[in-house]
Amino acid sequence: MTDLKTIVEKRLEELGLSPIEAATRAGLERTFLRDIIVGRKKSVRADKMGELARALSLDPGALAQNEMVAVPAPGSPAATRPTPNASFPPRWQQFPGDTSIPLRGHIAAGANGRFIMNGQDIATVFCPPGLEGVEGAYAVQVDGRSGEPRFFHGETAWVNPHLKVRQGDDVVVQILDDDEISSYLKRFVSKSNDLLRLYQYNPGEGESHDLEFRADKVFAVHKVVFHAML
């Protein structure tokens, strides 16, 4: 394994191409490879890794791990052979700038999917694109079935506490409830000076789709930006 700068320099020499020629052929910005060589670009986003690999005629999965595995250049006779779309044994792909964010622990769900965060971080989970460097970003695990079919029991939901919330957004809401803060994972409907309105997808027996809370009891409304089953 070696660093990305060394891989680019060595591969360009093997191919007999200048940085601008290789970048242009792959549809990248003209200075993309040169910026790597001179040190202005230390890493490459995941969505650009395939284009960089194409510019250098390298295997993208290996390149993501700073390994140089050559593949036939487009148009060469060997390029007509199909290449496998998976490796064996399976290889973990580490994305550039891989980071993690805290998973907040909470007490089991109650009525209307209510849960109480216990203030502790019980684990760390991967950081999806868009949350890198976001101060205060966190994740919660879905408990119960009030969010189905939008959110399923056991899924993880990632939250950006700084984004503006609009009607139809999924949100984690914290409500001041006597001496504790109750939390809900619901769809945001509206918020006025008097009232916060939420919608739950799958209310339990005797519960309603619509939830309302006094505005002065609302502690926080945080936008959910991603959810998945881990």
# chains A, B, ... in the order shown; residues from 1 in each chain; ligands from 1

$ residues_around --residues "Leu12 of chain A" --least-positions-apart "4" --cutoff "12 Å" --atoms "only C-alpha atoms" --output "ChimeraX atom specification"
/A:5-8,16-23,33-34,37,52-53,55-58,68,70

$ write_last_selection --atoms "N, CA and C atoms" --output "PDB file, in the first residue's frame"
ATOM      1  N   LYS A   5      -0.684  10.229  -3.953  1.00  0.00           N
ATOM      2  CA  LYS A   5       0.225  11.037  -4.772  1.00  0.00           C
ATOM      3  C   LYS A   5       1.217  10.154  -5.510  1.00  0.00           C
ATOM      4  N   THR A   6       1.821   9.203  -4.804  1.00  0.00           N
ATOM      5  CA  THR A   6       2.805   8.314  -5.421  1.00  0.00           C
ATOM      6  C   THR A   6       2.166   7.445  -6.497  1.00  0.00           C
ATOM      7  N   ILE A   7       0.946   6.959  -6.221  1.00  0.00           N
ATOM      8  CA  ILE A   7       0.239   6.136  -7.205  1.00  0.00           C
ATOM      9  C   ILE A   7      -0.003   6.921  -8.487  1.00  0.00           C
ATOM     10  N   VAL A   8      -0.472   8.158  -8.348  1.00  0.00           N
ATOM     11  CA  VAL A   8      -0.760   8.979  -9.535  1.00  0.00           C
ATOM     12  C   VAL A   8       0.506   9.227 -10.340  1.00  0.00           C
ATOM     13  N   GLY A  16       2.533   6.986 -19.844  1.00  0.00           N
ATOM     14  CA  GLY A  16       3.093   7.987 -20.745  1.00  0.00           C
ATOM     15  C   GLY A  16       2.166   9.160 -20.974  1.00  0.00           C
ATOM     16  N   LEU A  17       1.425   9.529 -19.942  1.00  0.00           N
ATOM     17  CA  LEU A  17       0.455  10.614 -20.044  1.00  0.00           C
ATOM     18  C   LEU A  17       0.826  11.749 -19.096  1.00  0.00           C
ATOM     19  N   SER A  18       0.440  12.952 -19.487  1.00  0.00           N
ATOM     20  CA  SER A  18       0.568  14.084 -18.580  1.00  0.00           C
ATOM     21  C   SER A  18      -0.659  14.119 -17.668  1.00  0.00           C
ATOM     22  N   PRO A  19      -0.591  14.806 -16.534  1.00  0.00           N
ATOM     23  CA  PRO A  19      -1.762  14.892 -15.648  1.00  0.00           C
ATOM     24  C   PRO A  19      -2.985  15.473 -16.342  1.00  0.00           C
ATOM     25  N   ILE A  20      -2.774  16.478 -17.191  1.00  0.00           N
ATOM     26  CA  ILE A  20      -3.912  17.108 -17.878  1.00  0.00           C
ATOM     27  C   ILE A  20      -4.516  16.154 -18.903  1.00  0.00           C
ATOM     28  N   GLU A  21      -3.667  15.422 -19.654  1.00  0.00           N
ATOM     29  CA  GLU A  21      -4.177  14.468 -20.646  1.00  0.00           C
ATOM     30  C   GLU A  21      -5.039  13.395 -19.987  1.00  0.00           C
ATOM     31  N   ALA A  22      -4.534  12.817 -18.899  1.00  0.00           N
ATOM     32  CA  ALA A  22      -5.266  11.738 -18.229  1.00  0.00           C
ATOM     33  C   ALA A  22      -6.578  12.251 -17.651  1.00  0.00           C
ATOM     34  N   ALA A  23      -6.553  13.434 -17.040  1.00  0.00           N
ATOM     35  CA  ALA A  23      -7.769  13.991 -16.454  1.00  0.00           C
ATOM     36  C   ALA A  23      -8.807  14.279 -17.527  1.00  0.00           C
ATOM     37  N   LEU A  33      -5.641  15.880 -11.432  1.00  0.00           N
ATOM     38  CA  LEU A  33      -4.492  15.031 -11.100  1.00  0.00           C
ATOM     39  C   LEU A  33      -3.295  15.865 -10.679  1.00  0.00           C
ATOM     40  N   ARG A  34      -3.123  17.027 -11.312  1.00  0.00           N
ATOM     41  CA  ARG A  34      -1.990  17.878 -10.953  1.00  0.00           C
ATOM     42  C   ARG A  34      -2.113  18.352  -9.511  1.00  0.00           C
ATOM     43  N   ILE A  37      -0.764  15.703  -7.300  1.00  0.00           N
ATOM     44  CA  ILE A  37       0.689  15.583  -7.365  1.00  0.00           C
ATOM     45  C   ILE A  37       1.377  16.683  -6.563  1.00  0.00           C
ATOM     46  N   LEU A  52     -11.278   8.910 -11.235  1.00  0.00           N
ATOM     47  CA  LEU A  52      -9.828   8.912 -11.074  1.00  0.00           C
ATOM     48  C   LEU A  52      -9.248   7.569 -11.508  1.00  0.00           C
ATOM     49  N   ALA A  53      -9.908   6.475 -11.102  1.00  0.00           N
ATOM     50  CA  ALA A  53      -9.443   5.153 -11.502  1.00  0.00           C
ATOM     51  C   ALA A  53      -9.458   4.993 -13.019  1.00  0.00           C
ATOM     52  N   ALA A  55      -9.132   7.392 -15.223  1.00  0.00           N
ATOM     53  CA  ALA A  55      -8.054   8.213 -15.781  1.00  0.00           C
ATOM     54  C   ALA A  55      -6.716   7.493 -15.731  1.00  0.00           C
ATOM     55  N   LEU A  56      -6.536   6.669 -14.704  1.00  0.00           N
ATOM     56  CA  LEU A  56      -5.264   5.972 -14.506  1.00  0.00           C
ATOM     57  C   LEU A  56      -5.308   4.512 -14.949  1.00  0.00           C
ATOM     58  N   SER A  57      -6.475   4.057 -15.464  1.00  0.00           N
ATOM     59  CA  SER A  57      -6.659   2.646 -15.848  1.00  0.00           C
ATOM     60  C   SER A  57      -6.316   1.727 -14.676  1.00  0.00           C
ATOM     61  N   LEU A  58      -6.930   2.023 -13.534  1.00  0.00           N
ATOM     62  CA  LEU A  58      -6.721   1.242 -12.318  1.00  0.00           C
ATOM     63  C   LEU A  58      -8.055   0.726 -11.804  1.00  0.00           C
ATOM     64  N   MET A  68      -2.487  -0.115  -6.045  1.00  0.00           N
ATOM     65  CA  MET A  68      -2.411   0.107  -7.490  1.00  0.00           C
ATOM     66  C   MET A  68      -2.583  -1.222  -8.214  1.00  0.00           C
ATOM     67  N   ALA A  70      -3.661  -2.479 -11.918  1.00  0.00           N
ATOM     68  CA  ALA A  70      -3.926  -2.017 -13.273  1.00  0.00           C
ATOM     69  C   ALA A  70      -5.050  -2.813 -13.922  1.00  0.00           C
TER      70      ALA A  70
END

$ select_by_dssp --residues "chain A" --states "strand (DSSP E or B)" --output "MDAnalysis selection string"
chainID A and resid 58 70 100:107 115:126 138:141 156:160 170:177 180:191 195:199 210:214 218:228

$ atom_distance --atom1 "atom CA of Phe32 of chain A" --atom2 "atom CA of Asp47 of chain A"
13.8 Å

$ closest_residue --among "A:Phe126, A:Phe115, A:Phe226, A:Phe151" --to "Gln174 of chain A" --atoms "only C-alpha atoms"
A:Phe115

$ closest_residue --among "A:Val172, A:Val69, A:Ala157, A:Leu185" --to "Gly113 of chain A" --atoms "only C-alpha atoms"
A:Leu185
